[in-house]
Amino acid sequence: MEENGYHVQVEDVEDLMDVKNQHQVPPELQSCHTAIVDGYIIEGHVPAGEIARLLEEKPDIAGLSVPGMPIGSPGMEIEGAQTQAYEIIAFDTSGNTEVFASYGE
């Protein structure tokens with residue numbers, strides 16, 4: 001994220017599940033990393049370009065998620081491995097979801 005111009009403040013917490021639950025990240029969208037960017041929850045390996053789009057468009061959602069750790073998503077590039085198709089899912093605090101963007105399809 002820093003390579004894309006974002007200031008990153010890392011906070012180690014004892015129980016990341018508390019953070020996910022506090023911010024109402026649906027269980028099926030929970031992943032390995034949770035960030036808060038300008039009030040939005042960013043869950044997992046969301047591309048920086050989609051975060052920029054989110055901040056520009058400012059939709060009425062709680063956040064974005066890339067569930068799991070798909071090969072080829074930011075930070076999950078593996079030399080010689082085939083990139084997996086994946087979706088960036090927008091979610092709200094009521095549990096509603098929709099596809100925000102798709103990659104590798």
# chains A, B, ... in the order shown; residues from 1 in each chain; ligands from 1
call {"tool": "residues_around", "arguments": {"residues": "A:Ser94", "least_positions_apart": "3", "cutoff": "12 Å", "atoms": "only C-alpha atoms", "output": "PDB file with C-alpha atoms, in the first residue's frame"}}
result
ATOM      1  CA  HIS A  23     -16.703  -3.530  11.991  1.00  0.00           C
ATOM      2  CA  GLN A  24     -19.341  -6.077  10.945  1.00  0.00           C
ATOM      3  CA  VAL A  25     -17.286  -7.903   8.317  1.00  0.00           C
ATOM      4  CA  PRO A  26     -19.519 -10.823   7.262  1.00  0.00           C
ATOM      5  CA  ASP A  60     -22.729   3.894   0.771  1.00  0.00           C
ATOM      6  CA  ILE A  61     -21.073   0.632   1.871  1.00  0.00           C
ATOM      7  CA  ALA A  62     -19.072  -0.542   4.867  1.00  0.00           C
ATOM      8  CA  GLY A  63     -16.139  -1.816   2.870  1.00  0.00           C
ATOM      9  CA  ALA A  90     -18.578  -4.653  -1.537  1.00  0.00           C
ATOM     10  CA  PHE A  91     -20.539  -5.156   1.693  1.00  0.00           C
ATOM     11  CA  THR A  97     -23.018  -7.827  -0.811  1.00  0.00           C
TER      12      THR A  97
END
call {"tool": "select_by_dssp", "arguments": {"residues": "chain A", "states": "strand (DSSP E)", "output": "list in words"}}
result
Thr34, Ala35, Ile36, Val37, Tyr40, Ile41, Ile42, Glu43, Gly44, Gly63, Leu64, Ser65, Val66, Tyr86, Glu87, Ile88, Ile89, Ala90, Phe91, Thr97, Glu98, Val99, Phe100, Ala101, Ser102 and Tyr103 of chain A
call {"tool": "write_last_selection", "arguments": {"atoms": "C-alpha atoms", "output": "mmCIF file, in the first residue's frame"}}
result
data_model
loop_
_atom_site.group_PDB
_atom_site.id
_atom_site.type_symbol
_atom_site.label_atom_id
_atom_site.label_comp_id
_atom_site.auth_asym_id
_atom_site.auth_seq_id
_atom_site.Cartn_x
_atom_site.Cartn_y
_atom_site.Cartn_z
ATOM 1 C CA THR A 34 -8.165 -5.978 8.008
ATOM 2 C CA ALA A 35 -7.583 -2.282 7.386
ATOM 3 C CA ILE A 36 -9.586 0.865 7.918
ATOM 4 C CA VAL A 37 -9.161 3.451 5.169
ATOM 5 C CA TYR A 40 -14.116 1.990 5.048
ATOM 6 C CA ILE A 41 -13.138 -1.564 5.982
ATOM 7 C CA ILE A 42 -10.663 -3.205 3.622
ATOM 8 C CA GLU A 43 -10.522 -6.962 4.130
ATOM 9 C CA GLY A 44 -7.881 -9.155 2.528
ATOM 10 C CA GLY A 63 -16.139 -1.816 2.870
ATOM 11 C CA LEU A 64 -14.485 -4.118 0.363
ATOM 12 C CA SER A 65 -13.225 -7.673 0.672
ATOM 13 C CA VAL A 66 -11.205 -10.205 -1.270
ATOM 14 C CA TYR A 86 -11.185 -13.386 -7.978
ATOM 15 C CA GLU A 87 -13.757 -10.780 -7.101
ATOM 16 C CA ILE A 88 -13.682 -7.714 -4.885
ATOM 17 C CA ILE A 89 -16.894 -7.803 -2.885
ATOM 18 C CA ALA A 90 -18.578 -4.653 -1.537
ATOM 19 C CA PHE A 91 -20.539 -5.156 1.693
ATOM 20 C CA THR A 97 -23.018 -7.827 -0.811
ATOM 21 C CA GLU A 98 -22.323 -7.101 -4.455
ATOM 22 C CA VAL A 99 -19.391 -7.503 -6.813
ATOM 23 C CA PHE A 100 -17.371 -4.278 -6.920
ATOM 24 C CA ALA A 101 -14.798 -5.556 -9.443
ATOM 25 C CA SER A 102 -13.567 -8.819 -10.981
ATOM 26 C CA TYR A 103 -10.020 -9.860 -11.857
#
call {"tool": "residues_around", "arguments": {"residues": "A:Thr83", "least_positions_apart": "5", "cutoff": "10 Å", "atoms": "only C-alpha atoms", "output": "VMD selection string"}}
result
chain A and resid 70 to 73 76 to 78 103 to 104
call {"tool": "write_last_selection", "arguments": {"atoms": "N, CA and C atoms", "output": "compact mmCIF listing (two decimals), in the first residue's frame"}}
result
# COMPACT_ATOMS: atom_id res chain seq x y z
N PRO A 70 -6.39 -15.35 -2.92
CA PRO A 70 -6.23 -15.85 -4.29
C PRO A 70 -4.85 -15.53 -4.87
N ILE A 71 -4.29 -16.50 -5.52
CA ILE A 71 -2.98 -16.33 -6.16
C ILE A 71 -3.13 -15.28 -7.26
N GLY A 72 -2.25 -14.29 -7.22
CA GLY A 72 -2.28 -13.20 -8.20
C GLY A 72 -2.86 -11.93 -7.64
N SER A 73 -3.55 -12.00 -6.50
CA SER A 73 -4.03 -10.77 -5.87
C SER A 73 -2.81 -10.06 -5.26
N MET A 76 0.04 -11.65 -3.20
CA MET A 76 -0.06 -13.10 -3.37
C MET A 76 0.45 -13.55 -4.74
N GLU A 77 1.31 -12.73 -5.34
CA GLU A 77 1.89 -13.11 -6.62
C GLU A 77 2.94 -14.20 -6.35
N ILE A 78 2.83 -15.30 -7.09
CA ILE A 78 3.76 -16.41 -6.93
C ILE A 78 4.34 -16.72 -8.30
N TYR A 103 -11.36 -9.75 -11.31
CA TYR A 103 -10.02 -9.86 -11.86
C TYR A 103 -9.79 -11.26 -12.40
N GLY A 104 -9.08 -11.34 -13.51
CA GLY A 104 -8.66 -12.61 -14.05
C GLY A 104 -9.73 -13.41 -14.75
call {"tool": "atom_distance", "arguments": {"atom1": "atom CA of A:Asp38", "atom2": "atom CA of A:Gly75"}}
result
21.6 Å
call {"tool": "select_by_dssp", "arguments": {"residues": "chain A", "states": "alpha helix (DSSP H)", "output": "PyMOL selection string"}}
result
chain A and resi 16-22+48-57
call {"tool": "atom_distance", "arguments": {"atom1": "atom CA of A:Gln22", "atom2": "atom CA of A:Pro59"}}
result
20.4 Å
call {"tool": "residues_around", "arguments": {"residues": "A:Gly68", "least_positions_apart": "5", "cutoff": "9 Å", "atoms": "only C-alpha atoms", "output": "PyMOL selection string"}}
result
chain A and resi 29-32+44-45
call {"tool": "atom_distance", "arguments": {"atom1": "atom CA of A:Val19", "atom2": "atom CA of A:Asp92"}}
result
15.7 Å
call {"tool": "closest_residue", "arguments": {"among": "A:Val46, A:Thr93, A:Leu16, A:Val10", "to": "A:Pro67", "atoms": "only C-alpha atoms"}}
result
A:Val46
